[in-house]
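Below is work02.pdb, holding PDB, C-alpha atoms.
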```
ATOM      1  CA  MET U   1     -15.499  44.037  53.875
ATOM      2  CA  ARG U   2     -18.857  42.399  54.592
ATOM      3  CA  PRO U   3     -21.788  42.788  52.137
ATOM      4  CA  PHE U   4     -23.636  45.109  54.524
ATOM      5  CA  GLU U   5     -20.632  47.431  54.833
ATOM      6  CA  GLU U   6     -20.124  47.429  51.086
ATOM      7  CA  LYS U   7     -23.736  48.334  50.526
ATOM      8  CA  LEU U   8     -23.658  50.962  53.252
ATOM      9  CA  THR U   9     -20.550  52.570  51.745
ATOM     10  CA  ALA U  10     -22.077  52.479  48.274
ATOM     11  CA  TRP U  11     -25.270  54.040  49.637
ATOM     12  CA  PHE U  12     -23.284  56.802  51.400
ATOM     13  CA  ASP U  13     -21.500  57.506  48.134
ATOM     14  CA  GLY U  14     -24.780  57.514  46.187
ATOM     15  CA  LYS U  15     -23.747  54.628  44.009
ATOM     16  CA  LEU U  16     -26.850  52.524  44.634
ATOM     17  CA  SER U  17     -29.725  52.747  42.190
ATOM     18  CA  ALA U  18     -33.016  54.090  43.507
ATOM     19  CA  GLU U  19     -34.452  50.588  43.654
ATOM     20  CA  GLU U  20     -31.417  49.239  45.495
ATOM     21  CA  ALA U  21     -31.414  52.191  47.901
ATOM     22  CA  ARG U  22     -35.033  51.631  48.759
ATOM     23  CA  SER U  23     -34.468  47.938  49.313
ATOM     24  CA  PHE U  24     -31.405  48.662  51.444
ATOM     25  CA  LEU U  25     -33.226  51.149  53.651
ATOM     26  CA  LYS U  26     -36.069  48.713  54.039
ATOM     27  CA  ASP U  27     -33.661  46.029  55.241
ATOM     28  CA  TYR U  28     -31.538  48.389  57.385
ATOM     29  CA  PRO U  29     -33.610  51.335  58.662
ATOM     30  CA  SER U  30     -30.797  52.258  61.102
ATOM     31  CA  ALA U  31     -28.636  53.208  58.106
ATOM     32  CA  LEU U  32     -30.209  56.683  58.082
ATOM     33  CA  GLU U  33     -28.907  57.340  61.576
ATOM     34  CA  GLU U  34     -25.510  56.032  60.645
ATOM     35  CA  LYS U  35     -25.395  58.307  57.629
ATOM     36  CA  ALA U  36     -26.295  61.298  59.767
ATOM     37  CA  GLU U  37     -23.472  60.461  62.182
ATOM     38  CA  PHE U  38     -21.055  59.934  59.336
ATOM     39  CA  LEU U  39     -21.868  63.307  57.801
ATOM     40  CA  LYS U  40     -21.472  64.973  61.159
ATOM     41  CA  LEU U  41     -18.074  63.331  61.667
ATOM     42  CA  ARG U  42     -16.905  64.315  58.181
ATOM     43  CA  GLN U  43     -17.892  67.873  58.859
ATOM     44  CA  LEU U  44     -15.951  67.933  62.100
ATOM     45  CA  LEU U  45     -12.872  66.410  60.456
ATOM     46  CA  ARG U  46     -12.959  68.961  57.650
ATOM     47  CA  GLN U  47     -13.140  71.757  60.175
ATOM     48  CA  GLY U  48     -10.218  70.368  62.198
ATOM     49  CA  LEU U  49      -7.920  69.550  59.281
ATOM     50  CA  GLU U  50      -7.893  72.862  57.582
ATOM     51  CA  SER U  51      -4.408  73.670  56.276
ATOM     52  CA  ARG U  52      -2.573  76.223  58.345
ATOM     53  CA  VAL U  53      -0.373  78.804  56.820
ATOM     54  CA  LEU U  54       3.069  78.894  58.473
ATOM     55  CA  GLU U  55       4.173  82.214  59.794
ATOM     56  CA  HIS U  56       7.858  81.697  58.868
ATOM     57  CA  PRO U  57       7.989  78.951  56.229
ATOM     58  CA  ASP U  58      11.629  79.584  55.275
ATOM     59  CA  PHE U  59      12.825  79.172  58.837
ATOM     60  CA  PHE U  60      10.746  75.981  59.222
ATOM     61  CA  ASN U  61      12.188  74.523  56.010
ATOM     62  CA  ALA U  62      15.727  75.462  57.031
ATOM     63  CA  GLN U  63      15.240  73.702  60.385
ATOM     64  CA  ILE U  64      14.041  70.532  58.672
ATOM     65  CA  MET U  65      16.919  70.570  56.189
ATOM     66  CA  ALA U  66      19.429  71.104  58.997
ATOM     67  CA  GLN U  67      17.971  68.143  60.881
ATOM     68  CA  ILE U  68      18.180  65.956  57.765
ATOM     69  CA  MET U  69      21.809  66.996  57.187
ATOM     70  CA  ARG U  70      22.725  66.247  60.794
ATOM     71  CA  GLU U  71      21.224  62.775  60.628
ATOM     72  CA  SER U  72      22.891  61.916  57.323
ATOM     73  CA  VAL U  73      26.300  63.115  58.611
ATOM     74  CA  GLN U  74      25.873  61.052  61.774
ATOM     75  CA  ARG U  75      24.972  57.989  59.723
ATOM     76  CA  ARG U  76      27.949  58.545  57.410
ATOM     77  CA  SER U  77      30.394  59.039  60.295
ATOM     78  CA  LEU U  78      29.087  55.900  62.022
ATOM     79  CA  ARG U  79      29.568  53.984  58.797
ATOM     80  CA  ARG U  80      33.031  55.481  58.411
ATOM     81  CA  GLY U  81      33.993  54.861  62.062
ATOM     82  CA  TRP U  82      32.875  51.306  62.684
ATOM     83  CA  LEU U  83      31.237  49.782  59.716
ATOM     84  CA  GLY U  84      33.168  51.180  56.784
ATOM     85  CA  LEU U  85      34.720  48.675  54.410
ATOM     86  CA  PRO U  86      38.346  49.665  55.107
ATOM     87  CA  GLN U  87      37.772  49.410  58.856
ATOM     88  CA  ILE U  88      36.240  45.956  58.524
ATOM     89  CA  ALA U  89      39.053  44.870  56.218
ATOM     90  CA  TRP U  90      41.710  46.151  58.603
ATOM     91  CA  GLY U  91      39.875  44.549  61.503
ATOM     92  CA  GLY U  92      39.905  41.230  59.652
ATOM     93  CA  VAL U  93      43.600  41.538  58.848
ATOM     94  CA  GLY U  94      44.300  42.403  62.479
ATOM     95  CA  ALA U  95      42.255  39.485  63.798
ATOM     96  CA  LEU U  96      43.972  37.070  61.405
ATOM     97  CA  SER U  97      47.407  38.373  62.357
ATOM     98  CA  LEU U  98      46.597  38.102  66.040
ATOM     99  CA  GLY U  99      45.281  34.556  65.572
ATOM    100  CA  PHE U 100      48.379  33.554  63.622
ATOM    101  CA  ALA U 101      50.693  35.103  66.194
ATOM    102  CA  MET U 102      48.894  33.294  68.992
ATOM    103  CA  PHE U 103      49.026  30.036  67.046
ATOM    104  CA  VAL U 104      52.794  30.399  66.627
ATOM    105  CA  ALA U 105      53.330  31.481  70.230
ATOM    106  CA  LEU U 106      51.001  29.161  72.122
ATOM    107  CA  ILE U 107      50.510  25.970  70.138
ATOM    108  CA  PRO U 108      53.324  23.422  70.414
ATOM    109  CA  HIS U 109      54.778  22.495  67.052
ATOM    110  CA  GLY U 110      56.214  19.292  65.680
ATOM    111  CA  ASP U 111      55.132  16.193  63.889
ATOM    112  CA  LEU U 112      51.655  15.561  65.244
ATOM    113  CA  SER U 113      51.679  11.944  64.106
ATOM    114  CA  ASP U 114      54.534  11.217  66.527
ATOM    115  CA  PRO U 115      53.927  12.538  70.018
ATOM    116  CA  ARG U 116      57.618  12.027  70.861
ATOM    117  CA  SER U 117      58.880  14.122  67.976
ATOM    118  CA  GLY U 118      59.542  17.031  70.321
ATOM    119  CA  TYR U 119      61.853  14.956  72.494
ATOM    120  CA  VAL U 120      64.799  16.900  73.852
ATOM    121  CA  ALA U 121      67.019  15.585  76.625
ATOM    122  CA  ASP U 122      70.608  16.627  76.115
ATOM    123  CA  VAL U 123      72.927  15.792  78.970
ATOM    124  CA  LEU U 124      75.483  18.580  79.148
ATOM    125  CA  LYS U 125      77.550  17.441  82.081
ATOM    126  CA  THR U 126      77.698  14.589  84.571
ATOM    127  CA  LYS U 127      79.832  14.244  87.632
ATOM    128  CA  THR U 128      80.066  11.407  90.135
ATOM    129  CA  HIS U 129      81.056  11.953  93.721
ATOM    130  CA  ASP U 130      82.492   8.482  94.253
ATOM    131  CA  PRO U 131      85.562   7.663  92.131
ATOM    132  CA  ASN U 132      84.355   4.058  91.908
ATOM    133  CA  VAL U 133      81.129   5.152  90.276
ATOM    134  CA  LYS U 134      81.119   6.076  86.611
ATOM    135  CA  ALA U 135      78.432   7.772  84.609
ATOM    136  CA  THR U 136      78.244   7.615  80.838
ATOM    137  CA  VAL U 137      75.665   9.107  78.533
ATOM    138  CA  ASP U 138      74.010   7.115  75.789
ATOM    139  CA  ASN U 139      72.138   9.298  73.310
ATOM    140  CA  GLN U 140      69.664   7.332  71.277
ATOM    141  CA  LYS U 141      66.849   8.495  69.060
ATOM    142  CA  ASN U 142      64.193  10.012  71.333
ATOM    143  CA  MET U 143      65.840   8.459  74.351
ATOM    144  CA  THR U 144      68.748   9.638  76.479
ATOM    145  CA  ILE U 145      70.179   7.314  79.078
ATOM    146  CA  ILE U 146      72.668   8.055  81.831
ATOM    147  CA  LYS U 147      74.311   4.780  82.716
ATOM    148  CA  VAL U 148      75.570   4.818  86.264
ATOM    149  CA  GLU U 149      77.986   1.968  86.916
ATOM    150  CA  GLY U 150      79.666   0.903  90.118
ATOM    151  CA  LEU U 151      76.682   1.434  92.406
ATOM    152  CA  HIS U 152      76.114  -0.960  95.287
ATOM    153  CA  LYS U 153      73.713  -3.728  94.447
ATOM    154  CA  VAL U 154      70.400  -3.214  96.182
ATOM    155  CA  PRO U 155      69.599  -6.110  98.556
ATOM    156  CA  PRO U 156      67.043  -8.466  96.947
ATOM    157  CA  GLU U 157      64.804  -8.375 100.011
ATOM    158  CA  LYS U 158      64.500  -4.602  99.837
ATOM    159  CA  ASP U 159      60.982  -3.489  99.033
ATOM    160  CA  LEU U 160      61.021  -0.940  96.232
ATOM    161  CA  ASN U 161      57.278  -0.620  96.009
ATOM    162  CA  HIS U 162      56.956   2.248  98.424
TER     163      HIS U 162
ATOM    164  CA  MET V   1      30.617  69.718  64.303
ATOM    165  CA  GLY V   2      33.986  68.844  62.764
ATOM    166  CA  ILE V   3      35.741  68.820  66.122
ATOM    167  CA  VAL V   4      33.127  66.550  67.639
ATOM    168  CA  GLU V   5      33.513  64.093  64.756
ATOM    169  CA  THR V   6      37.290  63.985  65.068
ATOM    170  CA  ASP V   7      37.024  63.278  68.791
ATOM    171  CA  GLY V   8      34.553  60.499  68.121
ATOM    172  CA  LEU V   9      36.838  58.788  65.627
ATOM    173  CA  GLY V  10      39.798  59.164  67.977
ATOM    174  CA  SER V  11      37.960  57.547  70.849
ATOM    175  CA  ARG V  12      36.863  54.715  68.546
ATOM    176  CA  ARG V  13      40.470  54.110  67.560
ATOM    177  CA  HIS V  14      41.303  53.923  71.247
ATOM    178  CA  CYS V  15      38.477  51.435  71.609
ATOM    179  CA  TRP V  16      40.083  49.212  68.958
ATOM    180  CA  TRP V  17      43.389  49.333  70.770
ATOM    181  CA  LEU V  18      41.699  48.598  74.051
ATOM    182  CA  ILE V  19      39.959  45.568  72.548
ATOM    183  CA  LEU V  20      43.259  44.276  71.129
ATOM    184  CA  VAL V  21      45.009  44.741  74.463
ATOM    185  CA  LEU V  22      42.183  43.014  76.326
ATOM    186  CA  ILE V  23      42.270  40.053  73.924
ATOM    187  CA  THR V  24      46.032  39.775  74.363
ATOM    188  CA  ILE V  25      45.743  39.919  78.139
ATOM    189  CA  PHE V  26      42.923  37.361  78.088
ATOM    190  CA  TYR V  27      44.920  34.862  76.054
ATOM    191  CA  GLY V  28      48.025  35.643  78.050
ATOM    192  CA  PHE V  29      46.292  34.715  81.289
ATOM    193  CA  TRP V  30      44.849  31.678  79.572
ATOM    194  CA  ALA V  31      48.336  30.521  78.649
ATOM    195  CA  LEU V  32      49.899  31.183  82.037
ATOM    196  CA  PRO V  33      48.289  28.309  83.976
ATOM    197  CA  ALA V  34      49.669  25.848  81.410
ATOM    198  CA  ARG V  35      53.159  26.836  82.443
ATOM    199  CA  ALA V  36      52.308  27.144  86.100
ATOM    200  CA  THR V  37      51.069  23.572  86.434
ATOM    201  CA  GLU V  38      54.298  21.884  85.393
ATOM    202  CA  ILE V  39      55.669  19.258  87.727
ATOM    203  CA  PHE V  40      58.797  17.266  88.317
ATOM    204  CA  TRP V  41      57.804  13.668  87.743
ATOM    205  CA  GLY V  42      59.768  10.477  88.174
ATOM    206  CA  CYS V  43      59.360   6.751  88.468
ATOM    207  CA  LEU V  44      61.289   3.678  89.489
ATOM    208  CA  ILE V  45      61.188   0.756  87.106
ATOM    209  CA  TYR V  46      62.480  -2.750  87.629
ATOM    210  CA  ALA V  47      63.812  -4.135  84.361
ATOM    211  CA  SER V  48      64.316  -7.872  84.038
ATOM    212  CA  ASP V  49      63.675 -10.859  81.839
ATOM    213  CA  VAL V  50      61.878 -12.867  84.496
ATOM    214  CA  GLY V  51      59.616 -10.357  86.211
ATOM    215  CA  GLN V  52      55.953 -11.219  86.450
ATOM    216  CA  CYS V  53      54.544  -7.807  85.798
ATOM    217  CA  ASN V  54      55.043  -5.762  82.689
ATOM    218  CA  SER V  55      53.700  -2.301  83.137
ATOM    219  CA  LEU V  56      54.947   1.128  82.269
ATOM    220  CA  PRO V  57      53.355   4.352  83.472
ATOM    221  CA  GLN V  58      51.125   6.250  81.096
ATOM    222  CA  ARG V  59      53.757   8.929  80.645
ATOM    223  CA  LEU V  60      56.116   6.352  79.151
ATOM    224  CA  SER V  61      53.632   4.743  76.808
ATOM    225  CA  GLY V  62      55.271   3.960  73.502
ATOM    226  CA  TYR V  63      58.727   3.473  75.043
ATOM    227  CA  ASP V  64      58.501  -0.312  75.579
ATOM    228  CA  ALA V  65      60.339  -1.366  72.442
ATOM    229  CA  ARG V  66      62.993   1.331  72.725
ATOM    230  CA  MET V  67      63.611   0.459  76.375
ATOM    231  CA  SER V  68      63.934  -3.224  75.551
ATOM    232  CA  SER V  69      66.480  -2.419  72.894
ATOM    233  CA  ALA V  70      68.388   0.104  75.007
ATOM    234  CA  PHE V  71      68.500  -1.780  78.324
ATOM    235  CA  GLY V  72      68.505  -5.338  77.040
ATOM    236  CA  TYR V  73      65.575  -6.477  79.172
ATOM    237  CA  SER V  74      62.196  -7.669  78.012
ATOM    238  CA  ARG V  75      60.034  -6.866  81.024
ATOM    239  CA  PHE V  76      59.586  -3.581  82.801
ATOM    240  CA  CYS V  77      57.730  -3.313  86.050
ATOM    241  CA  LEU V  78      56.696   0.006  87.522
ATOM    242  CA  MET V  79      57.654  -0.036  91.206
ATOM    243  CA  ALA V  80      56.816   3.513  92.227
ATOM    244  CA  GLN V  81      56.145   6.897  90.757
ATOM    245  CA  ARG V  82      56.380  10.283  92.389
ATOM    246  CA  GLN V  83      55.825  13.881  91.478
ATOM    247  CA  ALA V  84      56.595  17.233  93.011
ATOM    248  CA  PRO V  85      55.371  20.696  92.074
ATOM    249  CA  LEU V  86      57.892  22.974  90.444
ATOM    250  CA  GLN V  87      58.491  26.189  92.329
ATOM    251  CA  ALA V  88      60.940  28.885  91.404
ATOM    252  CA  GLN V  89      64.191  28.833  93.390
ATOM    253  CA  LYS V  90      63.142  25.686  95.239
ATOM    254  CA  GLU V  91      64.471  22.164  95.041
ATOM    255  CA  ALA V  92      62.092  19.373  94.147
ATOM    256  CA  GLY V  93      62.922  15.920  95.391
ATOM    257  CA  LEU V  94      61.526  12.508  94.611
ATOM    258  CA  VAL V  95      62.203   9.787  97.158
ATOM    259  CA  PHE V  96      62.016   6.121  96.249
ATOM    260  CA  SER V  97      62.192   3.295  98.754
ATOM    261  CA  ASN V  98      63.441   5.637 101.471
ATOM    262  CA  ASP V  99      67.076   5.712 100.433
ATOM    263  CA  LEU V 100      67.086   6.418  96.720
ATOM    264  CA  LYS V 101      66.445  10.035  95.918
ATOM    265  CA  ILE V 102      66.570  12.151  92.835
ATOM    266  CA  ILE V 103      66.638  15.859  93.528
ATOM    267  CA  LEU V 104      66.021  18.614  91.013
ATOM    268  CA  THR V 105      68.395  21.220  92.383
ATOM    269  CA  SER V 106      67.738  23.873  89.785
ATOM    270  CA  LEU V 107      65.478  24.554  86.842
ATOM    271  CA  THR V 108      65.903  27.429  84.440
ATOM    272  CA  GLY V 109      63.710  28.159  81.474
ATOM    273  CA  VAL V 110      65.736  28.678  78.314
ATOM    274  CA  SER V 111      64.746  29.635  74.792
ATOM    275  CA  ASP V 112      62.248  27.688  72.724
ATOM    276  CA  GLY V 113      60.415  26.341  75.774
ATOM    277  CA  LYS V 114      63.299  24.177  76.976
ATOM    278  CA  TYR V 115      64.629  23.882  80.490
ATOM    279  CA  LEU V 116      68.097  23.694  81.894
ATOM    280  CA  ILE V 117      68.007  21.324  84.840
ATOM    281  CA  ARG V 118      70.448  20.090  87.448
ATOM    282  CA  LEU V 119      69.819  16.722  89.023
ATOM    283  CA  LEU V 120      71.388  15.044  91.969
ATOM    284  CA  LEU V 121      71.119  11.308  92.537
ATOM    285  CA  VAL V 122      71.417  10.370  96.197
ATOM    286  CA  GLU V 123      71.772   6.888  97.600
ATOM    287  CA  GLY V 124      71.115   6.802 101.335
ATOM    288  CA  GLU V 125      72.692  10.047 102.485
ATOM    289  CA  GLU V 126      75.473  10.048  99.943
ATOM    290  CA  PRO V 127      75.274  12.042  96.730
ATOM    291  CA  VAL V 128      76.210   9.718  93.917
ATOM    292  CA  MET V 129      75.924  11.649  90.710
ATOM    293  CA  GLU V 130      75.224  15.159  89.571
ATOM    294  CA  THR V 131      74.131  16.024  86.098
ATOM    295  CA  GLN V 132      73.129  19.034  84.063
ATOM    296  CA  ALA V 133      70.815  18.632  81.098
ATOM    297  CA  ARG V 134      68.688  20.590  78.654
ATOM    298  CA  VAL V 135      65.267  19.073  78.395
ATOM    299  CA  SER V 136      61.901  19.830  76.903
ATOM    300  CA  ARG V 137      58.620  19.221  78.624
ATOM    301  CA  ASP V 138      57.454  15.598  78.657
ATOM    302  CA  SER V 139      60.857  14.313  77.514
ATOM    303  CA  PRO V 140      61.937  11.573  79.907
ATOM    304  CA  LEU V 141      65.561  11.212  80.962
ATOM    305  CA  PHE V 142      66.528   7.645  81.834
ATOM    306  CA  ILE V 143      69.060   6.769  84.516
ATOM    307  CA  ARG V 144      70.312   3.226  84.586
ATOM    308  CA  GLY V 145      70.719   2.547  88.277
ATOM    309  CA  PRO V 146      71.918  -0.263  90.503
ATOM    310  CA  ASN V 147      71.297  -3.956  90.045
ATOM    311  CA  TRP V 148      68.445  -5.532  91.952
ATOM    312  CA  ARG V 149      67.453  -9.203  92.065
ATOM    313  CA  ASP V 150      67.651 -10.553  88.524
ATOM    314  CA  GLY V 151      67.557  -7.220  86.815
ATOM    315  CA  GLN V 152      68.235  -3.573  87.112
ATOM    316  CA  ILE V 153      66.655  -0.465  88.531
ATOM    317  CA  ILE V 154      65.873   2.311  86.108
ATOM    318  CA  ILE V 155      64.960   5.799  87.250
ATOM    319  CA  VAL V 156      63.066   7.991  84.832
ATOM    320  CA  VAL V 157      62.551  11.717  85.399
ATOM    321  CA  MET V 158      60.911  14.449  83.394
ATOM    322  CA  VAL V 159      59.447  17.918  83.580
ATOM    323  CA  ALA V 160      55.825  17.139  82.882
ATOM    324  CA  ALA V 161      52.610  19.011  82.370
TER     325      ALA V 161
END
```
Kindly present the structure from the file in structure tokens form.
Amino acid sequence: MRPFEEKLTAWFDGKLSAEEARSFLKDYPSALEEKAEFLKLRQLLRQGLESRVLEHPDFFNAQIMAQIMRESVQRRSLRRGWLGLPQIAWGGVGALSLGFAMFVALIPHGDLSDPRSGYVADVLKTKTHDPNVKATVDNQKNMTIIKVEGLHKVPPEKDLNH
Amino acid sequence: MGIVETDGLGSRRHCWWLILVLITIFYGFWALPARATEIFWGCLIYASDVGQCNSLPQRLSGYDARMSSAFGYSRFCLMAQRQAPLQAQKEAGLVFSNDLKIILTSLTGVSDGKYLIRLLLVEGEEPVMETQARVSRDSPLFIRGPNWRDGQIIIVVMVAA
């Protein structure tokens, strides 16, 4: 608050000494008009803000209490439905279970340090159509070879690049 | 008021189930393309001790030493590589140098993500060898083929991603 406003308020409230009031009015002659307006406004406000007596106070109070009860029940049911501790806990357990199940189902397993650890190539049966051709299976670690013997030698001039 | 509350909680429970189902469907669809994009891949390798090149395809990286030990050759030269999309109930064939073919005649998914495959090796027009194998994805199956020049032809096939 500025010094003028402080002094004006103090003057309105009659807290200035006679000497100070005189000096103030000398410096700010318009303060008299302001005081008149202020008094008029206060009068109007007092007239407009008179307390009204309710016709049915019990009914009014009952309505307010009912409204308060409704709101508190709604808040409680919302907390119970979505945000309650058991619901959040069960939601967390469900999310973790779902994540674990998806990890087991979708992520390939095995020794991650060896990309070939998941190697599976089991030859169950081989059959050659030419009796002169033989096929044998050589199972090695992470490597299965079918050795086909008796095939015609491919001509050296044959281009295998295409 | 009680009835309204009960209905509200019931519909929220349905909401939870709906969310769980949607998440499952979402991840299910996410996983499906991984299986759908599998291919039948193969390559032709010339193994020798005198070859000038020494290159294996990316899919066989890490197999150099094992191949040397298994086939008895020191140099492996990639001559050609082919791939064919895998389609249910359809054969997938890889043709090398016009007259060497390897045909995947059947593919069946078995438990634990493995496949049961039937392969037919054809030389010219003549079927040479038929084999049935259980393989996992990205596990190459080596076929030691005919001799060529100073070495040997090796055919490698796999169900790849």
> Can you list, as a PyMOL selection string, the residues that the PyMOL selection byres ((chain U) within 7 of (chain V)) selects here?
Replying inline: chain U and resi 81+119-130+144-148+151-156+159-162
Selection from above, C-alpha atoms, as an mmCIF file, in the coordinates of the input, can you write it?
```
data_model
loop_
_atom_site.group_PDB
_atom_site.id
_atom_site.type_symbol
_atom_site.label_atom_id
_atom_site.label_comp_id
_atom_site.auth_asym_id
_atom_site.auth_seq_id
_atom_site.Cartn_x
_atom_site.Cartn_y
_atom_site.Cartn_z
ATOM 1 C CA GLY U 81 33.993 54.861 62.062
ATOM 2 C CA TYR U 119 61.853 14.956 72.494
ATOM 3 C CA VAL U 120 64.799 16.900 73.852
ATOM 4 C CA ALA U 121 67.019 15.585 76.625
ATOM 5 C CA ASP U 122 70.608 16.627 76.115
ATOM 6 C CA VAL U 123 72.927 15.792 78.970
ATOM 7 C CA LEU U 124 75.483 18.580 79.148
ATOM 8 C CA LYS U 125 77.550 17.441 82.081
ATOM 9 C CA THR U 126 77.698 14.589 84.571
ATOM 10 C CA LYS U 127 79.832 14.244 87.632
ATOM 11 C CA THR U 128 80.066 11.407 90.135
ATOM 12 C CA HIS U 129 81.056 11.953 93.721
ATOM 13 C CA ASP U 130 82.492 8.482 94.253
ATOM 14 C CA THR U 144 68.748 9.638 76.479
ATOM 15 C CA ILE U 145 70.179 7.314 79.078
ATOM 16 C CA ILE U 146 72.668 8.055 81.831
ATOM 17 C CA LYS U 147 74.311 4.780 82.716
ATOM 18 C CA VAL U 148 75.570 4.818 86.264
ATOM 19 C CA LEU U 151 76.682 1.434 92.406
ATOM 20 C CA HIS U 152 76.114 -0.960 95.287
ATOM 21 C CA LYS U 153 73.713 -3.728 94.447
ATOM 22 C CA VAL U 154 70.400 -3.214 96.182
ATOM 23 C CA PRO U 155 69.599 -6.110 98.556
ATOM 24 C CA PRO U 156 67.043 -8.466 96.947
ATOM 25 C CA ASP U 159 60.982 -3.489 99.033
ATOM 26 C CA LEU U 160 61.021 -0.940 96.232
ATOM 27 C CA ASN U 161 57.278 -0.620 96.009
ATOM 28 C CA HIS U 162 56.956 2.248 98.424
#
```
>> List as number ranges by chain the protein and nucleic acid residues near Lys35 of chain U, meaning an atom at most 10 Å away when all atoms listed in the file are counted, but skip any in the same chain fewer than 6 places from it.
In response: U: 8-9, 11-12, 41
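In this model, the gap between atom CA of Pro85 of chain V and atom CA of Ile39 of chain V comes to 4.6 Å.
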>> Using Å and a single decimal, report how far atom CA of Leu96 of chain U sits from atom CA of Ile25 of chain V.
In response: 17.1 Å
> Rounded to one decimal in Å, what is the spacing between atom CA of Ala65 of chain V and atom CA of Ser48 of chain V?
Replying inline: 13.9 Å
>> Please expand the PyMOL selection byres ((chain V and resi 57) around 9) into the concrete residues it hits in this file, giving the result as a PyMOL selection string.
In response: chain V and resi 43+55-56+58-61+78+81
Test item: axis-aligned box, all listed atoms of segment 38-46 of chain V, 5 Å on each side, centre and edges in Å rounded to one decimal, as AutoDock Vina command-line options:
```
--center_x 58.4 --center_y 9.6 --center_z 87.4 --size_x 18.2 --size_y 34.6 --size_z 14.1
```
> With only C-alpha atoms as the basis for distance, which of V:Ala47, V:Leu104, V:Leu86, V:Cys53 is at the shortest distance from Gly72 of chain V?
Replying inline: V:Ala47
>> Which residue is closest to Tyr73 of chain V? Choose from V:Thr108, V:Val157, V:Gly151, V:Lys101 and count only C-alpha atoms.
In response: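 Of all the options, V:Gly151 lies closest to Tyr73 of chain V.
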Missing atoms in segment 79-90 of chain V: can you complete it with N, CA, C and O atoms, as a short mmCIF file (atom, residue, chain, number, x, y, z; two decimals), keeping the file's coordinate frame?
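Listed below is the output, out-v6.cif:
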```cif
data_model
loop_
_atom_site.label_atom_id
_atom_site.label_comp_id
_atom_site.auth_asym_id
_atom_site.auth_seq_id
_atom_site.Cartn_x
_atom_site.Cartn_y
_atom_site.Cartn_z
N MET V 79 57.63 0.20 89.76
CA MET V 79 57.65 -0.04 91.21
C MET V 79 57.05 1.14 91.98
O MET V 79 56.36 0.96 92.97
N ALA V 80 57.36 2.32 91.53
CA ALA V 80 56.82 3.51 92.23
C ALA V 80 56.91 4.71 91.29
O ALA V 80 57.77 4.75 90.42
N GLN V 81 56.01 5.62 91.49
CA GLN V 81 56.14 6.90 90.76
C GLN V 81 55.80 8.05 91.70
O GLN V 81 54.95 7.93 92.57
N ARG V 82 56.52 9.11 91.51
CA ARG V 82 56.38 10.28 92.39
C ARG V 82 56.31 11.55 91.54
O ARG V 82 56.78 11.56 90.39
N GLN V 83 55.79 12.58 92.15
CA GLN V 83 55.82 13.88 91.48
C GLN V 83 55.89 14.99 92.51
O GLN V 83 55.46 14.81 93.66
N ALA V 84 56.47 16.09 92.11
CA ALA V 84 56.60 17.23 93.01
C ALA V 84 56.32 18.50 92.21
O ALA V 84 56.72 18.59 91.04
N PRO V 85 55.63 19.45 92.82
CA PRO V 85 55.37 20.70 92.07
C PRO V 85 56.66 21.49 91.86
O PRO V 85 57.56 21.43 92.70
N LEU V 86 56.70 22.17 90.73
CA LEU V 86 57.89 22.97 90.44
C LEU V 86 57.67 24.38 90.96
O LEU V 86 56.68 25.01 90.62
N GLN V 87 58.58 24.82 91.80
CA GLN V 87 58.49 26.19 92.33
C GLN V 87 59.82 26.87 92.10
O GLN V 87 60.88 26.25 92.26
N ALA V 88 59.73 28.13 91.71
CA ALA V 88 60.94 28.88 91.40
C ALA V 88 61.86 28.92 92.62
O ALA V 88 61.41 29.10 93.75
N GLN V 89 63.14 28.75 92.36
CA GLN V 89 64.19 28.83 93.39
C GLN V 89 64.04 27.79 94.49
O GLN V 89 64.57 27.95 95.57
N LYS V 90 63.30 26.71 94.20
CA LYS V 90 63.14 25.69 95.24
C LYS V 90 63.50 24.33 94.67
O LYS V 90 63.17 24.04 93.52
#
```
